[in-house]
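Take a look at the structure set out below.
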Amino acid sequence: METLSINKLVKTFKDGNKEETILKGIDLELSQGEITALIGASGSGKSTLLTVVAGLQKSTKGKIIFEDRELTEMNPTQLRAVRAKRFGFVFQHAHLVQFLTVQEQLQLMVDTAELNWSKKKREEEIKSVLQAVDMWSHKDSYPDNLSGGEKQRVAIARAIIHQPSMLFADEPTASLDSKRSIEVIELLRSLSKERNHTVLMVTHDTDMLKYADRTVIMKDGVISES
Amino acid sequence: MKVAWKEIVKFKTRYLILGTIIFLISLLTMTISGLANGLSYDNASLIKDLPEGTFYMQEKSEDQYNLSHLDEKKMNKIREAAPEATFLSIQMGELENGNKNHSVVFVSTTNSSLFPKVEEGEVILNNSIMAEGVNQGDDLTNSLLDNKLTVEDFVDQQKFSHSSIAFINSTDFQKMYRTDTFQIAFVEGDDTPKFDGLTQYSNKDFLNTIPSYNAEQLSLNMIVIFLLVISGMLFGIFFYMINVQKLGTYGILKAVGMKTSALFKMMWIQMIIITFISLILSIGISQLLTLFMPEGMPFLLTIESASIMSLLFLGIGFIGATLSGFQISKVEPIQAINQGGV
Ligand SMILES: Nc1ncnc2c1ncn2[C@@H]1O[C@H](COP(=O)(O)OP(=O)(O)OP(=O)(O)O)[C@@H](O)[C@H]1O
Ligand SMILES: [Mg+2]
């Protein structure tokens with residue numbers, strides 16, 4: 001069963017009177033609980049595809065259907081709600097909120113997703129997710145005092161705390177050395193499998209491909225299965 | 001609420017600086033407005049203490065009370081329409097005590113519950129004259145008057161044109177200034193009659209006919225308004241700078257689905273917290289200041305006017321912060337993601 005299906009997706013950038021079509025009719029189906037790796041040359045449009053699908057920028061043409069709703073028809077408010085409640089994000093940089101402790105970052109996400117969890121449930125969930133990423137002992141630390149790998153683990157925790165259906169990851173390991181990269185990607189995989197997230201992950205690093213269930217390649221604005 | 005507070009705590013210095021500036025500006029504003037208010041009382045407590053009503057003067061006096069004459073005929077016409085009308089006359093003058101001169105403002109009125117009643121040959125003085133060595137029972141003289149005026153009593157804070165008032169009987173007043181008329185009529189209430197040949201003034205309009213009053217209040221109020229505008233701009237600039245530094249964070253929070261309104265709320269809460277603490281401090285300290293003000297310095301800051309000013313500060317801070325917050329609504333999450341960061 002597919003969670004998300006992309007249908008003849010086109011994205012054109014207009015720069016003054018110069019037009020450039022980056023996505024030239026993408027078709028892709030993402031199945032529930034499956035990890036899809038997206039690879040391709042730099043500038044091929046991987047990040048563009050990811051952000052359009054995640055509702056962070058508008059598509060030019062085509063359809064994106066997520067859980068039987070058409071994202072391409074939604075207004076910004078509806079898209080925001082979908083992002084808050086059903087999507088999780090991990091970026092190249094952790095992008096944590098500087099003035100919040102590890103634990104508070106997750107609390108903020110729970111609030112943002114408008115989950116009416118009881119205080120007890122919220123505490124339990126945060127504890128279990130932080131234990132899963134092995135950051136519980138750092139729950140009261142601020143981002144400034146964490147290493148790159150630790151920050152990224154917190155970012156993963158923040159991406160899954162509200163139990164989203166889809167996880168978008170754009171080069172989640174690119175800012176880490178190879179040892180930390182493997183730790184983070186293994187973590188991402190095991191958590192996604194355990195919690196049944198559908199994952200779309202952009203990567204440069206071919207070492208990461210073995211952690212994906214399937215790999216798709218972006219080339220000349222279209223996608224092909226490897 | 002919690003997130004907003006967390007940020008203040010984490011970036012103490014920033015917010016402490018803003019708070020200190022707001023505190024100093026609001027303290028200055030309160031002090032100056034206390035002074036404006038004090039001066040206005042010092043200038044015209046005689047009028048300021050009256051209930052709302054209407055003043056009447058002769059039209060041809062052109063707003064100058066000492067050129068206005070209400071003769072018996074006009075007074076009767078006013079009494080017919082408003083039996084409770086009070087008539088009064090005001091004139092600068094001097095009282096001598098032995099060889100010492102005291103400048104005063106002579107005020108004489110018809111019988112009225114609004115002013116003290118004085119018999120012929122008596123005078124009731126503002127109590128600041130006491131400090132100049134005049135006591136109850138003293139006989140005072142005036143070069144224009146043959147008989148003496150005995151100090152009957154003292155009253156608190158009765159001043160006009162920055163001078164102490166001497167209430168005297170209308171017979172004495174008319175003898176001194178060779179007149180048989182009153183200058184001004186006052187009728188209490190808001191439903192007051194109109195008369196041909198007489199100009200009407202509200203209490204405020206009448207105050208503005210006192211030349212020094214208008215000039216003083218205008219310049220002090222200008223300063224207060226400037227300070228309010230400056231503090232509004234400070235809020236705007238400060239939050240603008242803080243927001244610029246946080247645009248990345250805002251973008252990411254928007255990307256993960258946070259509402260723009262939630263981000264605004266956070267900024268507003270911070271603005272309210274900072275302003276509130278600063279205002280409490282400046283109200284407290286300005287009240288303390290009144291204790292240490294030199295005697296005779298006209299300063300009057302009521303809790304009411306302090307609260308009104310505080311509300312103004314909150315309103316202006318709100319506007320300043322909100323204007324600078326427009327950047328927040330313009331942030332595109334996608335830019336923030338591409339920029340990297342913490
Ligand atoms: N907002 C934009 N306006 C104009 N052109 C854009 C915009 N965003 C992306 N592009 C262009 O689209 C192309 C694809 O960019 P994108 O970031 O998707 O590539 P990518 O595959 O993620 O590359 P990388 O591997 O380096 O991250 C690039 O040529 C880029 O210049
Ligand atoms: Mg990219």
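Naming scheme: A, B, ... for chains in displayed order of the structure tokens; residues 1 onward per chain; ligands 1 onward as shown.
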Which residues of chain A have any atom within 9 Å of an atom in chain B when counting only C-alpha atoms, and what is the closest pair of atoms for each, with the distance in Å to one decimal? Order the rows by chain and rising number and write it as a Markdown table.
```
| residue | atom | partner | partner_atom | distance |
| --- | --- | --- | --- | --- |
| A:Thr51 | CA | B:Ile334 | CA | 7.6 |
| A:Gly55 | CA | B:Ala255 | CA | 8.9 |
| A:Leu56 | CA | B:Ile334 | CA | 6.3 |
| A:Gln57 | CA | B:Ile334 | CA | 7.4 |
| A:Thr77 | CA | B:Lys259 | CA | 8.6 |
| A:Leu79 | CA | B:Gly257 | CA | 8.4 |
| A:Arg80 | CA | B:Gly257 | CA | 5.0 |
| A:Ala81 | CA | B:Gly257 | CA | 6.3 |
| A:Val82 | CA | B:Gly257 | CA | 7.7 |
| A:Arg83 | CA | B:Gly257 | CA | 5.1 |
| A:Ala84 | CA | B:Gly257 | CA | 4.0 |
| A:Lys85 | CA | B:Gly257 | CA | 7.8 |
| A:Phe87 | CA | B:Val256 | CA | 7.7 |
| A:Gly88 | CA | B:Val256 | CA | 7.0 |
| A:Phe89 | CA | B:Val256 | CA | 6.7 |
| A:Phe91 | CA | B:Ile337 | CA | 7.1 |
| A:Gln92 | CA | B:Gly340 | CA | 7.4 |
| A:His93 | CA | B:Gly340 | CA | 5.5 |
| A:Ala94 | CA | B:Val342 | CA | 6.2 |
| A:His95 | CA | B:Val342 | CA | 5.0 |
| A:Leu96 | CA | B:Val342 | CA | 5.8 |
| A:Val97 | CA | B:Thr249 | CA | 6.2 |
| A:Gln98 | CA | B:Val342 | CA | 7.1 |
| A:Phe99 | CA | B:Glu7 | CA | 5.4 |
| A:Leu100 | CA | B:Lys6 | CA | 6.9 |
| A:Glu104 | CA | B:Val3 | CA | 8.4 |
| A:Leu108 | CA | B:Val3 | CA | 8.0 |
| A:Met109 | CA | B:Val256 | CA | 8.0 |
| A:Asp111 | CA | B:Met258 | CA | 8.8 |
| A:Thr112 | CA | B:Met258 | CA | 5.4 |
| A:Ala113 | CA | B:Gly257 | CA | 7.4 |
| A:Pro143 | CA | B:Val342 | CA | 7.2 |
| A:Asp144 | CA | B:Val342 | CA | 7.7 |
| A:Gly148 | CA | B:Val342 | CA | 8.9 |
| A:Lys151 | CA | B:Val342 | CA | 8.2 |
| A:Ala159 | CA | B:Val256 | CA | 8.4 |
```
Can I get the selected residues back with N, CA and C atoms, as a CSV table (one decimal), in the first residue's frame?
```csv
chain,number,residue,atom,x,y,z
A,51,THR,N,11.6,18.9,-1.3
A,51,THR,CA,10.9,20.0,-0.7
A,51,THR,C,9.6,20.2,-1.3
A,55,GLY,N,5.8,19.8,0.7
A,55,GLY,CA,5.0,21.0,0.8
A,55,GLY,C,5.7,22.2,1.2
A,56,LEU,N,7.1,22.2,1.0
A,56,LEU,CA,7.8,23.4,1.4
A,56,LEU,C,8.0,24.4,0.2
A,57,GLN,N,7.8,23.9,-1.0
A,57,GLN,CA,7.6,24.8,-2.1
A,57,GLN,C,6.6,24.3,-3.1
A,77,THR,N,-2.1,26.9,4.6
A,77,THR,CA,-2.5,26.6,6.0
A,77,THR,C,-2.7,25.1,6.1
A,79,LEU,N,-1.3,22.8,4.2
A,79,LEU,CA,0.0,22.2,4.0
A,79,LEU,C,0.8,22.2,5.3
A,80,ARG,N,0.7,23.4,6.0
A,80,ARG,CA,1.4,23.5,7.3
A,80,ARG,C,0.9,22.5,8.3
A,81,ALA,N,-0.4,22.3,8.3
A,81,ALA,CA,-1.0,21.3,9.2
A,81,ALA,C,-0.5,19.9,8.9
A,82,VAL,N,-0.4,19.6,7.6
A,82,VAL,CA,0.1,18.3,7.2
A,82,VAL,C,1.5,18.1,7.7
A,83,ARG,N,2.3,19.1,7.4
A,83,ARG,CA,3.7,19.1,7.8
A,83,ARG,C,3.8,18.9,9.3
A,84,ALA,N,3.0,19.6,10.1
A,84,ALA,CA,3.1,19.6,11.5
A,84,ALA,C,2.7,18.2,12.1
A,85,LYS,N,1.7,17.6,11.5
A,85,LYS,CA,1.1,16.4,12.1
A,85,LYS,C,1.6,15.1,11.5
A,87,PHE,N,4.3,14.8,8.9
A,87,PHE,CA,5.6,14.8,8.3
A,87,PHE,C,6.7,15.0,9.4
A,88,GLY,N,7.8,14.3,9.2
A,88,GLY,CA,9.0,14.6,10.0
A,88,GLY,C,10.1,15.0,9.1
A,89,PHE,N,11.0,15.9,9.6
A,89,PHE,CA,12.1,16.3,8.8
A,89,PHE,C,13.5,16.2,9.4
A,91,PHE,N,17.4,17.4,8.3
A,91,PHE,CA,18.1,18.1,7.2
A,91,PHE,C,19.6,17.8,7.4
A,92,GLN,N,20.4,18.4,6.5
A,92,GLN,CA,21.8,18.2,6.5
A,92,GLN,C,22.4,18.7,7.8
A,93,HIS,N,21.9,19.9,8.2
A,93,HIS,CA,22.2,20.4,9.6
A,93,HIS,C,21.1,20.2,10.5
A,94,ALA,N,21.4,20.0,11.8
A,94,ALA,CA,20.4,19.7,12.7
A,94,ALA,C,19.3,20.8,12.9
A,95,HIS,N,19.7,22.0,12.8
A,95,HIS,CA,18.8,23.1,12.9
A,95,HIS,C,18.0,23.1,14.2
A,96,LEU,N,18.7,22.9,15.3
A,96,LEU,CA,17.9,22.9,16.6
A,96,LEU,C,17.7,24.3,17.0
A,97,VAL,N,16.8,24.5,17.9
A,97,VAL,CA,16.5,25.8,18.5
A,97,VAL,C,17.5,26.1,19.6
A,98,GLN,N,18.3,27.1,19.4
A,98,GLN,CA,19.4,27.4,20.2
A,98,GLN,C,19.1,27.5,21.7
A,99,PHE,N,18.0,28.1,22.0
A,99,PHE,CA,17.7,28.4,23.4
A,99,PHE,C,16.9,27.3,24.1
A,100,LEU,N,16.7,26.2,23.5
A,100,LEU,CA,15.9,25.1,24.1
A,100,LEU,C,16.8,23.9,24.4
A,104,GLU,N,13.3,20.1,25.6
A,104,GLU,CA,12.4,21.1,25.2
A,104,GLU,C,12.1,21.2,23.7
A,108,LEU,N,8.4,21.2,22.2
A,108,LEU,CA,7.9,22.2,21.2
A,108,LEU,C,7.3,21.5,20.0
A,109,MET,N,7.9,20.4,19.5
A,109,MET,CA,7.4,19.7,18.4
A,109,MET,C,6.1,19.0,18.7
A,111,ASP,N,3.9,20.1,20.8
A,111,ASP,CA,3.0,21.3,20.8
A,111,ASP,C,2.6,21.6,19.3
A,112,THR,N,3.6,21.7,18.5
A,112,THR,CA,3.4,22.1,17.1
A,112,THR,C,2.5,21.2,16.4
A,113,ALA,N,2.7,19.9,16.7
A,113,ALA,CA,1.8,18.9,16.0
A,113,ALA,C,0.4,18.8,16.7
A,143,PRO,N,21.9,22.9,22.6
A,143,PRO,CA,22.6,22.5,21.4
A,143,PRO,C,24.1,22.9,21.3
A,144,ASP,N,24.4,24.1,21.8
A,144,ASP,CA,25.8,24.5,21.8
A,144,ASP,C,26.7,23.6,22.4
A,148,GLY,N,28.3,17.4,16.7
A,148,GLY,CA,27.5,17.3,15.4
A,148,GLY,C,26.6,16.1,15.4
A,151,LYS,N,23.8,16.3,17.9
A,151,LYS,CA,22.8,17.2,17.4
A,151,LYS,C,21.9,16.5,16.4
A,159,ALA,N,12.2,14.7,14.7
A,159,ALA,CA,11.5,14.3,13.5
A,159,ALA,C,10.5,13.2,13.7
```
Legend entry - Env. residues ligand 1 / 10 Å / only C-alpha atoms and all ligand atoms / as a ChimeraX atom specification: /A:11-16,18-23,38-52,57,92,170-171,202-204,218-219,221 /B:334-335,338
Identify, with DSSP run on backbone atoms, the residues in stretch 84-240 of chain B assigned to alpha helix (DSSP H), and express the list as a compact mmCIF listing (two decimals) with N, CA, C and O atoms, in the first residue's frame.
```
# COMPACT_ATOMS: atom_id res chain seq x y z
N SER B 170 -16.22 89.87 48.28
CA SER B 170 -16.38 90.64 47.05
C SER B 170 -16.43 92.15 47.33
O SER B 170 -16.02 92.95 46.49
N THR B 171 -16.90 92.56 48.50
CA THR B 171 -16.92 93.99 48.82
C THR B 171 -15.50 94.54 48.85
O THR B 171 -15.20 95.58 48.27
N ASP B 172 -14.60 93.80 49.53
CA ASP B 172 -13.20 94.22 49.58
C ASP B 172 -12.59 94.23 48.19
O ASP B 172 -11.87 95.15 47.81
N PHE B 173 -12.89 93.18 47.43
CA PHE B 173 -12.34 93.07 46.07
C PHE B 173 -12.77 94.25 45.22
O PHE B 173 -11.97 94.88 44.53
N GLN B 174 -14.07 94.57 45.30
CA GLN B 174 -14.60 95.63 44.42
C GLN B 174 -14.08 97.00 44.85
O GLN B 174 -13.87 97.88 44.02
N LYS B 175 -13.82 97.14 46.19
CA LYS B 175 -13.23 98.39 46.66
C LYS B 175 -11.81 98.53 46.09
O LYS B 175 -11.41 99.58 45.60
N MET B 176 -11.04 97.45 46.18
CA MET B 176 -9.65 97.50 45.73
C MET B 176 -9.54 97.83 44.25
O MET B 176 -8.69 98.60 43.83
N ASN B 203 -13.95 73.44 31.21
CA ASN B 203 -12.86 73.64 32.18
C ASN B 203 -11.51 73.66 31.47
O ASN B 203 -10.65 74.47 31.77
N LYS B 204 -11.36 72.73 30.51
CA LYS B 204 -10.08 72.63 29.82
C LYS B 204 -9.80 73.85 28.95
O LYS B 204 -8.70 74.40 28.97
N ASP B 205 -10.86 74.31 28.24
CA ASP B 205 -10.70 75.51 27.42
C ASP B 205 -10.32 76.70 28.29
O ASP B 205 -9.50 77.54 27.91
N PHE B 206 -10.96 76.76 29.45
CA PHE B 206 -10.67 77.90 30.31
C PHE B 206 -9.21 77.88 30.78
O PHE B 206 -8.55 78.91 30.80
N LEU B 207 -8.73 76.67 31.14
CA LEU B 207 -7.33 76.54 31.55
C LEU B 207 -6.40 77.06 30.46
O LEU B 207 -5.40 77.72 30.72
N ASN B 208 -6.76 76.75 29.22
CA ASN B 208 -5.90 77.16 28.11
C ASN B 208 -5.90 78.66 27.87
O ASN B 208 -5.06 79.17 27.13
N PRO B 211 -2.25 82.10 29.86
CA PRO B 211 -1.16 82.03 28.87
C PRO B 211 -0.04 81.07 29.27
O PRO B 211 0.37 80.23 28.48
N SER B 212 0.46 81.13 30.48
CA SER B 212 1.59 80.29 30.86
C SER B 212 1.20 78.82 30.88
O SER B 212 2.00 77.94 30.60
N TYR B 213 -0.08 78.57 31.20
CA TYR B 213 -0.53 77.18 31.33
C TYR B 213 -0.34 76.43 30.03
O TYR B 213 0.24 75.35 29.98
N ASN B 214 -0.84 77.05 28.98
CA ASN B 214 -0.80 76.41 27.68
C ASN B 214 0.63 76.11 27.24
O ASN B 214 0.96 75.01 26.81
N ALA B 215 1.49 77.11 27.38
CA ALA B 215 2.87 76.96 26.91
C ALA B 215 3.59 75.85 27.68
O ALA B 215 4.24 74.99 27.08
N GLU B 216 3.44 75.86 29.00
CA GLU B 216 4.08 74.85 29.83
C GLU B 216 3.64 73.44 29.46
O GLU B 216 4.45 72.55 29.23
N GLN B 217 2.30 73.27 29.42
CA GLN B 217 1.78 71.94 29.19
C GLN B 217 2.16 71.43 27.81
O GLN B 217 2.49 70.27 27.64
N LEU B 218 2.13 72.33 26.85
CA LEU B 218 2.44 71.93 25.49
C LEU B 218 3.87 71.40 25.38
O LEU B 218 4.11 70.33 24.81
N SER B 219 4.80 72.14 25.96
CA SER B 219 6.20 71.71 25.79
C SER B 219 6.47 70.42 26.56
O SER B 219 7.15 69.53 26.07
N LEU B 220 5.89 70.31 27.77
CA LEU B 220 6.13 69.07 28.53
C LEU B 220 5.45 67.88 27.85
O LEU B 220 6.02 66.80 27.77
N ASN B 221 4.24 68.12 27.36
CA ASN B 221 3.56 67.01 26.69
C ASN B 221 4.28 66.59 25.42
O ASN B 221 4.30 65.41 25.08
N MET B 222 4.89 67.55 24.75
CA MET B 222 5.68 67.21 23.57
C MET B 222 6.81 66.26 23.95
O MET B 222 7.08 65.28 23.26
N ILE B 223 7.49 66.57 25.06
CA ILE B 223 8.59 65.72 25.50
C ILE B 223 8.08 64.31 25.79
O ILE B 223 8.68 63.31 25.37
N VAL B 224 6.94 64.25 26.48
CA VAL B 224 6.38 62.93 26.81
C VAL B 224 6.06 62.15 25.54
O VAL B 224 6.39 60.98 25.41
N ILE B 225 5.46 62.84 24.57
CA ILE B 225 5.10 62.16 23.31
C ILE B 225 6.37 61.68 22.59
O ILE B 225 6.44 60.54 22.12
N PHE B 226 7.38 62.55 22.57
CA PHE B 226 8.64 62.15 21.94
C PHE B 226 9.21 60.90 22.60
O PHE B 226 9.64 59.96 21.93
N LEU B 227 9.21 60.89 23.92
CA LEU B 227 9.76 59.74 24.62
C LEU B 227 8.98 58.48 24.29
O LEU B 227 9.55 57.40 24.12
N LEU B 228 7.66 58.61 24.20
CA LEU B 228 6.84 57.44 23.86
C LEU B 228 7.17 56.95 22.46
O LEU B 228 7.33 55.74 22.23
N VAL B 229 7.30 57.90 21.53
CA VAL B 229 7.62 57.50 20.15
C VAL B 229 8.99 56.83 20.10
O VAL B 229 9.17 55.78 19.48
N ILE B 230 9.95 57.43 20.83
CA ILE B 230 11.30 56.85 20.83
C ILE B 230 11.26 55.44 21.39
O ILE B 230 11.88 54.52 20.84
N SER B 231 10.50 55.25 22.45
CA SER B 231 10.49 53.90 23.03
C SER B 231 9.83 52.92 22.06
O SER B 231 10.25 51.77 21.96
N GLY B 232 8.82 53.38 21.33
CA GLY B 232 8.20 52.51 20.33
C GLY B 232 9.20 52.11 19.26
O GLY B 232 9.30 50.94 18.87
N MET B 233 9.99 53.12 18.82
CA MET B 233 10.99 52.82 17.80
C MET B 233 12.05 51.87 18.33
O MET B 233 12.50 50.97 17.63
N LEU B 234 12.42 52.09 19.60
CA LEU B 234 13.42 51.20 20.21
C LEU B 234 12.95 49.75 20.20
O LEU B 234 13.70 48.84 19.86
N PHE B 235 11.69 49.57 20.60
CA PHE B 235 11.12 48.23 20.58
C PHE B 235 11.22 47.65 19.18
O PHE B 235 11.63 46.51 18.99
N GLY B 236 10.81 48.47 18.21
CA GLY B 236 10.82 48.02 16.82
C GLY B 236 12.21 47.61 16.40
O GLY B 236 12.43 46.50 15.91
N ILE B 237 13.18 48.50 16.64
CA ILE B 237 14.55 48.24 16.19
C ILE B 237 15.13 47.03 16.90
O ILE B 237 15.73 46.15 16.30
N PHE B 238 14.88 46.98 18.21
CA PHE B 238 15.45 45.90 18.99
C PHE B 238 14.92 44.54 18.54
O PHE B 238 15.69 43.62 18.25
N PHE B 239 13.60 44.44 18.43
CA PHE B 239 13.04 43.16 18.02
C PHE B 239 13.41 42.85 16.57
O PHE B 239 13.56 41.69 16.20
N TYR B 240 13.57 43.90 15.79
CA TYR B 240 14.01 43.69 14.41
C TYR B 240 15.37 42.99 14.42
O TYR B 240 15.57 41.97 13.77
```
Legend entry - DSSP strand (DSSP E) residues within stretch 134-222 of chain B, listed as a PyMOL selection string: chain B and resi 139-140+149-155+159-160+163-168+184-188+198-202
Export, as a short mmCIF file (atom, residue, chain, number, x, y, z; two decimals), in the first residue's frame, the selected residues with N, CA and C atoms.
```cif
data_model
loop_
_atom_site.label_atom_id
_atom_site.label_comp_id
_atom_site.auth_asym_id
_atom_site.auth_seq_id
_atom_site.Cartn_x
_atom_site.Cartn_y
_atom_site.Cartn_z
N ASP B 139 -2.89 90.61 60.81
CA ASP B 139 -3.58 91.61 60.01
C ASP B 139 -2.69 91.99 58.84
N LEU B 140 -3.25 91.87 57.64
CA LEU B 140 -2.47 92.17 56.44
C LEU B 140 -3.05 93.42 55.78
N LEU B 149 -6.99 93.26 56.40
CA LEU B 149 -7.58 91.93 56.18
C LEU B 149 -6.98 90.98 57.22
N THR B 150 -7.84 90.37 57.98
CA THR B 150 -7.38 89.46 59.03
C THR B 150 -7.32 88.04 58.47
N VAL B 151 -6.21 87.37 58.73
CA VAL B 151 -6.07 85.99 58.24
C VAL B 151 -6.99 85.09 59.05
N GLU B 152 -8.02 84.58 58.39
CA GLU B 152 -9.05 83.80 59.05
C GLU B 152 -8.64 82.32 59.07
N ASP B 153 -8.06 81.89 57.95
CA ASP B 153 -7.82 80.46 57.81
C ASP B 153 -6.83 80.21 56.67
N PHE B 154 -6.37 78.97 56.59
CA PHE B 154 -5.53 78.57 55.46
C PHE B 154 -6.19 77.43 54.70
N VAL B 155 -5.99 77.37 53.39
CA VAL B 155 -6.49 76.23 52.61
C VAL B 155 -5.31 75.56 51.91
N LYS B 159 -3.98 77.38 44.08
CA LYS B 159 -3.07 78.26 43.36
C LYS B 159 -3.61 78.63 42.00
N PHE B 160 -3.15 79.77 41.53
CA PHE B 160 -3.52 80.21 40.20
C PHE B 160 -2.33 80.94 39.61
N SER B 163 0.77 81.32 41.63
CA SER B 163 0.79 82.13 42.85
C SER B 163 -0.24 81.61 43.84
N SER B 164 0.00 81.91 45.09
CA SER B 164 -0.94 81.52 46.14
C SER B 164 -2.21 82.35 46.02
N ILE B 165 -3.31 81.72 46.36
CA ILE B 165 -4.57 82.45 46.27
C ILE B 165 -4.91 83.07 47.61
N ALA B 166 -5.46 84.28 47.56
CA ALA B 166 -6.03 84.92 48.74
C ALA B 166 -7.51 85.11 48.45
N PHE B 167 -8.34 84.32 49.15
CA PHE B 167 -9.80 84.49 48.98
C PHE B 167 -10.23 85.68 49.82
N ILE B 168 -10.90 86.65 49.16
CA ILE B 168 -11.42 87.78 49.94
C ILE B 168 -12.88 88.00 49.58
N ILE B 184 -16.22 86.43 35.80
CA ILE B 184 -16.47 85.09 35.24
C ILE B 184 -17.69 84.48 35.92
N ALA B 185 -18.47 83.73 35.15
CA ALA B 185 -19.52 82.91 35.75
C ALA B 185 -19.17 81.46 35.54
N PHE B 186 -19.50 80.64 36.55
CA PHE B 186 -19.26 79.20 36.40
C PHE B 186 -20.53 78.44 36.72
N VAL B 187 -20.93 77.56 35.81
CA VAL B 187 -22.10 76.72 36.05
C VAL B 187 -21.67 75.27 35.95
N GLU B 188 -21.99 74.51 37.01
CA GLU B 188 -21.59 73.11 37.07
C GLU B 188 -22.49 72.26 36.17
N LEU B 198 -21.90 86.28 25.50
CA LEU B 198 -20.99 85.60 26.42
C LEU B 198 -20.35 84.40 25.71
N THR B 199 -19.06 84.22 25.92
CA THR B 199 -18.38 83.06 25.37
C THR B 199 -18.40 81.95 26.42
N GLN B 200 -18.58 80.72 25.96
CA GLN B 200 -18.57 79.57 26.89
C GLN B 200 -17.24 78.86 26.80
N TYR B 201 -16.78 78.35 27.94
CA TYR B 201 -15.55 77.57 27.96
C TYR B 201 -15.77 76.32 28.79
N SER B 202 -15.27 75.21 28.31
CA SER B 202 -15.21 74.03 29.18
C SER B 202 -14.07 74.28 30.16
#
```
